[in-house]
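Asker: Dropping in protein.cif, which is mmCIF, C-alpha atoms:
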data_model
#
loop_
_atom_site.group_PDB
_atom_site.id
_atom_site.type_symbol
_atom_site.label_atom_id
_atom_site.label_comp_id
_atom_site.auth_asym_id
_atom_site.auth_seq_id
_atom_site.Cartn_x
_atom_site.Cartn_y
_atom_site.Cartn_z
ATOM 1 C CA MET A 1 0.000 0.000 0.000
ATOM 2 C CA ASP A 2 1.485 3.255 -1.137
ATOM 3 C CA VAL A 3 0.634 6.271 0.974
ATOM 4 C CA SER A 4 1.300 9.703 -0.452
ATOM 5 C CA SER A 5 3.625 12.110 1.371
ATOM 6 C CA GLY A 6 0.687 14.489 2.155
ATOM 7 C CA ALA A 7 -1.198 11.680 3.866
ATOM 8 C CA LYS A 8 1.927 10.733 5.841
ATOM 9 C CA GLN A 9 2.267 14.289 7.103
ATOM 10 C CA THR A 10 -1.412 14.344 8.157
ATOM 11 C CA ILE A 11 -1.011 11.060 10.058
ATOM 12 C CA ILE A 12 2.165 12.254 11.796
ATOM 13 C CA ILE A 13 0.588 15.591 12.754
ATOM 14 C CA SER A 14 -2.515 13.796 14.052
ATOM 15 C CA LEU A 15 -0.362 11.459 16.169
ATOM 16 C CA VAL A 16 1.658 14.394 17.590
ATOM 17 C CA VAL A 17 -1.529 16.319 18.446
ATOM 18 C CA ALA A 18 -3.037 13.231 20.106
ATOM 19 C CA LEU A 19 0.174 12.647 22.098
ATOM 20 C CA LEU A 20 0.250 16.301 23.245
ATOM 21 C CA ALA A 21 -3.413 16.164 24.247
ATOM 22 C CA PHE A 22 -2.825 12.958 26.211
ATOM 23 C CA LEU A 23 0.225 14.411 28.008
ATOM 24 C CA GLY A 24 -1.598 17.688 28.747
ATOM 25 C CA GLY A 25 -4.521 15.804 30.274
ATOM 26 C CA TYR A 26 -2.186 13.615 32.300
ATOM 27 C CA PHE A 27 -0.237 16.561 33.755
ATOM 28 C CA LEU A 28 -3.414 18.522 34.460
ATOM 29 C CA GLY A 29 -4.844 15.552 36.343
ATOM 30 C CA GLN A 30 -1.596 15.115 38.294
ATOM 31 C CA SER A 31 -1.512 18.770 39.320
ATOM 32 C CA LYS A 32 -5.119 18.613 40.589
ATOM 33 C CA PHE A 33 -4.341 15.414 42.508
ATOM 34 C CA ASN A 34 -1.199 16.928 44.068
ATOM 35 C CA PHE A 35 -3.104 20.088 45.036
ATOM 36 C CA SER A 36 -5.863 18.107 46.768
ATOM 37 C CA GLN A 37 -3.306 15.915 48.575
ATOM 38 C CA GLY A 38 -1.428 19.020 49.738
ATOM 39 C CA ASN A 39 -4.584 20.480 51.280
ATOM 40 C CA LYS A 40 -5.348 17.213 53.082
ATOM 41 C CA SER A 41 -1.840 16.963 54.521
ATOM 42 C CA GLN A 42 -2.021 20.324 56.291
ATOM 43 C CA ASN A 43 -4.401 18.800 58.864
ATOM 44 C CA LYS A 44 -5.940 22.185 59.631
ATOM 45 C CA PRO A 45 -9.517 22.096 60.853
ATOM 46 C CA ILE A 46 -11.951 24.145 58.838
ATOM 47 C CA SER A 47 -14.154 25.007 61.820
ATOM 48 C CA SER A 48 -14.430 28.624 62.918
ATOM 49 C CA SER A 49 -13.437 27.741 66.492
ATOM 50 C CA GLY A 50 -9.750 27.813 65.551
ATOM 51 C CA SER A 51 -9.902 31.170 63.818
ATOM 52 C CA ASN A 52 -8.975 34.526 65.289
ATOM 53 C CA VAL A 53 -12.446 36.000 64.794
ATOM 54 C CA LYS A 54 -13.649 37.954 67.808
ATOM 55 C CA ILE A 55 -17.316 37.854 68.743
ATOM 56 C CA ASN A 56 -18.905 40.411 71.035
ATOM 57 C CA SER A 57 -22.595 39.708 70.412
ATOM 58 C CA LEU A 58 -24.799 36.626 70.463
ATOM 59 C CA SER A 59 -28.467 35.913 69.921
ATOM 60 C CA GLY A 60 -30.284 33.231 71.804
ATOM 61 C CA ILE A 61 -33.474 32.116 73.503
ATOM 62 C CA VAL A 62 -33.957 33.159 77.112
ATOM 63 C CA LYS A 63 -34.140 30.019 79.258
ATOM 64 C CA SER A 64 -34.405 31.815 82.585
ATOM 65 C CA ILE A 65 -33.886 35.140 84.321
ATOM 66 C CA ASN A 66 -32.572 35.134 87.892
ATOM 67 C CA ALA A 67 -31.819 38.507 89.520
ATOM 68 C CA ASN A 68 -28.944 39.797 87.383
ATOM 69 C CA ARG A 69 -28.320 36.721 85.219
ATOM 70 C CA ILE A 70 -29.924 35.533 82.005
ATOM 71 C CA ALA A 71 -29.442 31.942 80.876
ATOM 72 C CA LEU A 72 -29.344 31.886 77.060
ATOM 73 C CA LYS A 73 -29.671 28.915 74.745
ATOM 74 C CA ILE A 74 -27.589 29.791 71.675
ATOM 75 C CA ASN A 75 -28.142 26.432 69.945
ATOM 76 C CA GLU A 76 -28.697 22.794 70.879
ATOM 77 C CA SER A 77 -25.208 22.378 72.347
ATOM 78 C CA ASP A 78 -24.383 25.906 73.487
ATOM 79 C CA GLU A 79 -25.755 27.654 76.566
ATOM 80 C CA ARG A 80 -24.357 30.862 78.066
ATOM 81 C CA LEU A 81 -24.881 32.870 81.246
ATOM 82 C CA ALA A 82 -25.118 36.635 80.631
ATOM 83 C CA GLU A 83 -24.650 38.940 83.627
ATOM 84 C CA ILE A 84 -26.391 42.299 83.923
ATOM 85 C CA ASP A 85 -25.046 45.218 85.947
ATOM 86 C CA GLY A 86 -25.982 48.864 86.490
ATOM 87 C CA GLN A 87 -24.290 49.857 83.203
ATOM 88 C CA THR A 88 -26.237 47.403 81.003
ATOM 89 C CA LYS A 89 -28.545 49.156 78.527
ATOM 90 C CA ILE A 90 -31.733 47.411 77.410
ATOM 91 C CA TYR A 91 -33.414 48.343 74.134
ATOM 92 C CA ILE A 92 -36.622 47.227 72.453
ATOM 93 C CA GLN A 93 -36.625 47.265 68.663
ATOM 94 C CA GLU A 94 -39.767 48.491 66.953
ATOM 95 C CA GLN A 95 -40.504 48.628 63.276
ATOM 96 C CA LYS A 96 -40.506 52.149 61.877
ATOM 97 C CA ASP A 97 -43.637 53.667 60.449
ATOM 98 C CA PRO A 98 -43.681 52.478 56.801
ATOM 99 C CA SER A 99 -44.152 56.007 55.411
ATOM 100 C CA GLN A 100 -41.185 57.320 57.434
ATOM 101 C CA TYR A 101 -39.032 54.388 56.322
ATOM 102 C CA GLN A 102 -40.042 55.012 52.684
ATOM 103 C CA LYS A 103 -39.004 58.695 52.970
ATOM 104 C CA GLU A 104 -35.619 57.650 54.371
ATOM 105 C CA MET A 105 -35.198 55.026 51.651
ATOM 106 C CA ASP A 106 -36.045 57.569 48.903
ATOM 107 C CA GLU A 107 -33.424 59.952 50.325
ATOM 108 C CA TYR A 108 -30.888 57.113 50.478
ATOM 109 C CA ILE A 109 -31.531 56.200 46.829
ATOM 110 C CA LYS A 110 -31.216 59.862 45.809
ATOM 111 C CA ARG A 111 -27.839 60.203 47.602
ATOM 112 C CA THR A 112 -26.639 56.935 46.065
ATOM 113 C CA GLN A 113 -27.513 58.134 42.562
ATOM 114 C CA GLU A 114 -25.807 61.481 43.181
ATOM 115 C CA GLN A 115 -22.642 59.759 44.320
ATOM 116 C CA ALA A 116 -22.758 57.420 41.319
ATOM 117 C CA ALA A 117 -22.670 60.488 39.048
ATOM 118 C CA ARG A 118 -19.130 61.324 40.156
ATOM 119 C CA PRO A 119 -16.783 63.154 37.808
ATOM 120 C CA LYS A 120 -14.701 61.279 35.313
ATOM 121 C CA PRO A 121 -10.955 60.785 35.940
ATOM 122 C CA GLY A 122 -9.154 64.133 35.633
ATOM 123 C CA GLU A 123 -12.223 66.172 36.590
ATOM 124 C CA ILE A 124 -12.533 67.796 39.991
ATOM 125 C CA SER A 125 -15.654 67.420 42.088
ATOM 126 C CA THR A 126 -16.817 70.215 44.357
ATOM 127 C CA ALA A 127 -19.576 68.099 45.938
ATOM 128 C CA PRO A 128 -19.002 67.126 49.567
ATOM 129 C CA ILE A 129 -18.470 63.445 50.281
ATOM 130 C CA VAL A 130 -21.362 62.191 52.403
ATOM 131 C CA SER A 131 -21.515 58.852 54.156
ATOM 132 C CA ASN A 132 -24.387 56.940 52.612
ATOM 133 C CA LEU A 133 -25.663 54.361 55.073
ATOM 134 C CA SER A 134 -28.920 52.638 54.265
ATOM 135 C CA PRO A 135 -31.802 53.456 56.616
ATOM 136 C CA GLU A 136 -32.646 51.141 59.474
ATOM 137 C CA ILE A 137 -36.045 49.469 59.370
ATOM 138 C CA PHE A 138 -36.182 49.396 63.188
ATOM 139 C CA THR A 139 -35.937 52.037 65.884
ATOM 140 C CA LYS A 140 -34.714 51.381 69.411
ATOM 141 C CA LYS A 141 -36.488 52.569 72.507
ATOM 142 C CA PRO A 142 -35.312 52.096 76.093
ATOM 143 C CA GLY A 143 -36.534 48.926 77.773
ATOM 144 C CA SER A 144 -36.188 47.247 81.139
ATOM 145 C CA LEU A 145 -35.493 43.824 82.561
ATOM 146 C CA ASN A 146 -39.274 43.352 82.882
ATOM 147 C CA ASP A 147 -39.519 43.376 79.064
ATOM 148 C CA ILE A 148 -37.446 40.188 78.844
ATOM 149 C CA LYS A 149 -39.475 36.985 79.141
ATOM 150 C CA SER A 150 -38.469 33.352 79.200
ATOM 151 C CA GLY A 151 -38.755 31.956 75.670
ATOM 152 C CA ASN A 152 -37.982 35.317 73.982
ATOM 153 C CA THR A 153 -35.118 35.614 71.546
ATOM 154 C CA ILE A 154 -32.716 38.416 72.460
ATOM 155 C CA THR A 155 -29.329 39.697 71.350
ATOM 156 C CA VAL A 156 -26.676 40.447 73.966
ATOM 157 C CA VAL A 157 -23.656 42.660 73.311
ATOM 158 C CA ALA A 158 -20.501 42.590 75.434
ATOM 159 C CA ASN A 159 -17.465 44.854 75.576
ATOM 160 C CA GLU A 160 -15.177 41.840 75.296
ATOM 161 C CA ASN A 161 -14.625 38.805 73.098
ATOM 162 C CA ILE A 162 -17.260 36.257 74.188
ATOM 163 C CA LYS A 163 -16.608 33.686 71.496
ATOM 164 C CA GLU A 164 -15.706 30.945 73.990
ATOM 165 C CA ALA A 165 -16.964 32.530 77.242
ATOM 166 C CA LYS A 166 -19.684 30.570 79.012
ATOM 167 C CA GLN A 167 -20.327 33.447 81.445
ATOM 168 C CA PHE A 168 -19.805 37.142 80.717
ATOM 169 C CA LYS A 169 -21.026 40.665 81.505
ATOM 170 C CA ILE A 170 -23.216 42.342 78.930
ATOM 171 C CA ALA A 171 -23.227 45.997 77.969
ATOM 172 C CA GLN A 172 -26.404 45.915 75.916
ATOM 173 C CA ILE A 173 -29.507 43.791 75.412
ATOM 174 C CA ILE A 174 -31.602 44.165 72.269
ATOM 175 C CA ILE A 175 -35.127 42.752 72.260
ATOM 176 C CA PRO A 176 -36.377 42.311 68.682
ATOM 177 C CA PRO A 177 -40.031 42.721 67.771
ATOM 178 C CA PRO A 178 -42.072 39.528 68.011
ATOM 179 C CA PRO A 179 -42.150 37.461 64.832
ATOM 180 C CA VAL A 180 -45.141 37.835 62.558
ATOM 181 C CA SER A 181 -47.363 34.812 63.022
ATOM 182 C CA SER A 182 -49.523 33.338 60.318
ATOM 183 C CA THR A 183 -52.607 34.060 62.448
ATOM 184 C CA SER A 184 -51.953 37.814 62.294
ATOM 185 C CA ILE A 185 -51.998 37.834 58.485
ATOM 186 C CA PRO A 186 -55.532 38.022 57.098
ATOM 187 C CA PRO A 187 -56.493 35.115 54.841
ATOM 188 C CA ILE A 188 -56.641 35.628 51.101
ATOM 189 C CA VAL A 189 -60.201 35.406 49.888
ATOM 190 C CA PRO A 190 -60.559 34.397 46.246
ATOM 191 C CA LEU A 191 -62.718 36.600 44.055
ATOM 192 C CA SER A 192 -65.896 35.005 42.809
ATOM 193 C CA ASN A 193 -66.507 34.561 39.096
ATOM 194 C CA GLN A 194 -69.875 36.289 39.216
#
Rewrite the coordinates I just gave you, this time as structure tokens.

Answerer:
Amino acid sequence: MDVSSGAKQTIIISLVVALLAFLGGYFLGQSKFNFSQGNKSQNKPISSSGSNVKINSLSGIVKSINANRIALKINESDERLAEIDGQTKIYIQEQKDPSQYQKEMDEYIKRTQEQAARPKPGEISTAPIVSNLSPEIFTKKPGSLNDIKSGNTITVVANENIKEAKQFKIAQIIIPPPPVSSTSIPPIVPLSNQ
């Protein structure tokens, strides 16, 4: 069988391309395998307990209130004892009036759009730089220890890192509004086809 020189070149080129593709796939697979083995050999736990993150606030369910101590259930395996003193501030969160919140949100959007229309590079802006924080949907009013009930969810804030502390002093207690229950939402009544 006589194969022309053009066909020989095509066969050789095809074999070289196939060999290069095979070697490229092999080395790519090896590098992924080595990378995954390297991560396993470091033996570093991925949990957040080993990290340097500081926590100064926690939310939990009030289990009990005794004099100046609140027992909090953070989750199924974590319970903490929060101590109250004369410096502890207690706040009750309430939802803002929707019309007031809408006014604040409109102003926030306006400021955001104004800041987005900044001058192009090389141009000088004479507009003052204003911090543009989004409006809060809740307001805080002063509360008291009597506002905290067993079974309520609260947030406690400390002046120290309480990540691992089982007992600590709290600077602030925030009582969120009660959750909206399905019984407080009126039922949807379908329109009749009459």

Asker: So what do you get for atom CA of Phe168 of chain A versus atom CA of Ile70 of chain A, distance-wise?

Answerer: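 Taking atom CA of Phe168 of chain A and atom CA of Ile70 of chain A, their separation equals 10.3 Å.
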
Asker: For atom CA of Val62 of chain A and atom CA of Ile175 of chain A, quote the distance in Å rounded to one decimal.

Answerer: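 Those two atoms sit 10.8 Å apart.
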
Asker: As a PyMOL selection string, please: the residues near Ala171 of chain A (cut-off 6 Å, only C-alpha atoms, same-chain neighbours under 2 positions excluded).

Answerer: chain A and resi 88+157-158

Asker: Nearest to Lys140 of chain A: which of A:Glu94, A:Glu114, A:Glu104, A:Glu160 is it, counting only C-alpha atoms?

Answerer: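 Once distances to Lys140 of chain A are computed over only C-alpha atoms, the minimum belongs to A:Glu94.
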
Asker: Mind pulling up the distance from atom CA of Ser77 of chain A to atom CA of Ile92 of chain A?

Answerer: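 So the answer is 27.3 Å.
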
Asker: Which of these, A:Asn159, A:Gln102, A:Asn66, A:Gln167, has the shortest distance to Leu145 of chain A once you count only C-alpha atoms?

Answerer: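 Of A:Asn159, A:Gln102, A:Asn66, A:Gln167, the one nearest Leu145 of chain A, counting only C-alpha atoms, is A:Asn66.
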
Asker: Residues at most 10 Å from Ile74 of chain A, counting all atoms listed in the file, excluding those fewer than 6 positions away in the same chain, as a list of chain:residue names?

Answerer: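 In the requested form, the answer reads A:Leu58, A:Ser59, A:Gly60, A:Ile61, A:Val62, A:Arg80, A:Thr153.
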
Asker: If you apply the PyMOL selection byres ((chain A and resi 54) around 7) to this file, what residues do you get, as a PyMOL selection string?

Answerer: chain A and resi 52-53+55-56+161+163

Asker: Just the selected residues (C-alpha atoms), exported as an mmCIF file, in the frame of the given file, please.

Answerer:
data_model
loop_
_atom_site.group_PDB
_atom_site.id
_atom_site.type_symbol
_atom_site.label_atom_id
_atom_site.label_comp_id
_atom_site.auth_asym_id
_atom_site.auth_seq_id
_atom_site.Cartn_x
_atom_site.Cartn_y
_atom_site.Cartn_z
ATOM 1 C CA ASN A 52 -8.975 34.526 65.289
ATOM 2 C CA VAL A 53 -12.446 36.000 64.794
ATOM 3 C CA ILE A 55 -17.316 37.854 68.743
ATOM 4 C CA ASN A 56 -18.905 40.411 71.035
ATOM 5 C CA ASN A 161 -14.625 38.805 73.098
ATOM 6 C CA LYS A 163 -16.608 33.686 71.496
#

Asker: Between A:Ile12, A:Ile170, A:Leu133, A:Ile162, which has the minimum distance to Thr112 of chain A (counting only C-alpha atoms)?

Answerer: A:Leu133

Asker: Calculated over all atoms listed in the file, which of the candidates A:Gly151, A:Glu164, A:Gln87, A:Ile174 has the smallest distance to Lys73 of chain A?

Answerer: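 Ranking A:Gly151, A:Glu164, A:Gln87, A:Ile174 by distance to Lys73 of chain A, first place goes to A:Gly151.
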
Asker: Evaluate the PyMOL selection byres ((chain A and resi 95) around 10) on the structure here and hand back the selected residues as a PyMOL selection string.

Answerer: chain A and resi 93-94+96-98+101+136-140+176-177

Asker: For the residues in the current selection, export C-alpha atoms as a PDB file, keeping the file's coordinate frame.

Answerer:
ATOM      1  CA  GLN A  93     -36.625  47.265  68.663  1.00  0.00           C
ATOM      2  CA  GLU A  94     -39.767  48.491  66.953  1.00  0.00           C
ATOM      3  CA  LYS A  96     -40.506  52.149  61.877  1.00  0.00           C
ATOM      4  CA  ASP A  97     -43.637  53.667  60.449  1.00  0.00           C
ATOM      5  CA  PRO A  98     -43.681  52.478  56.801  1.00  0.00           C
ATOM      6  CA  TYR A 101     -39.032  54.388  56.322  1.00  0.00           C
ATOM      7  CA  GLU A 136     -32.646  51.141  59.474  1.00  0.00           C
ATOM      8  CA  ILE A 137     -36.045  49.469  59.370  1.00  0.00           C
ATOM      9  CA  PHE A 138     -36.182  49.396  63.188  1.00  0.00           C
ATOM     10  CA  THR A 139     -35.937  52.037  65.884  1.00  0.00           C
ATOM     11  CA  LYS A 140     -34.714  51.381  69.411  1.00  0.00           C
ATOM     12  CA  PRO A 176     -36.377  42.311  68.682  1.00  0.00           C
ATOM     13  CA  PRO A 177     -40.031  42.721  67.771  1.00  0.00           C
TER      14      PRO A 177
END

Asker: Quick one: of A:Lys141, A:Pro178, A:Val156, A:Ala21, who's nearest to Arg69 of chain A, counting all atoms listed in the file?

Answerer: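 Residue with the minimum atom-to-atom distance to Arg69 of chain A: A:Val156.
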
Asker: Can you tell me, as a list of chain:residue names, which residues sit within 9 Å of (-29.5, 56.4, 57.3) in the file's frame, using only C-alpha atoms?

Answerer: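 Protein and nucleic acid residues near the point are A:Glu104, A:Met105, A:Glu107, A:Tyr108, A:Ser131, A:Asn132, A:Leu133, A:Ser134, A:Pro135, A:Glu136.
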
Asker: Box for segment 86-94 of chain A: with edges along x, y and z, all listed atoms inside and 4 Å added on each side, what are the centre and edge lengths in Å to one decimal, as JSON?

Answerer:
{"center_x": -32.0, "center_y": 48.5, "center_z": 76.7, "size_x": 23.5, "size_y": 10.6, "size_z": 27.5}
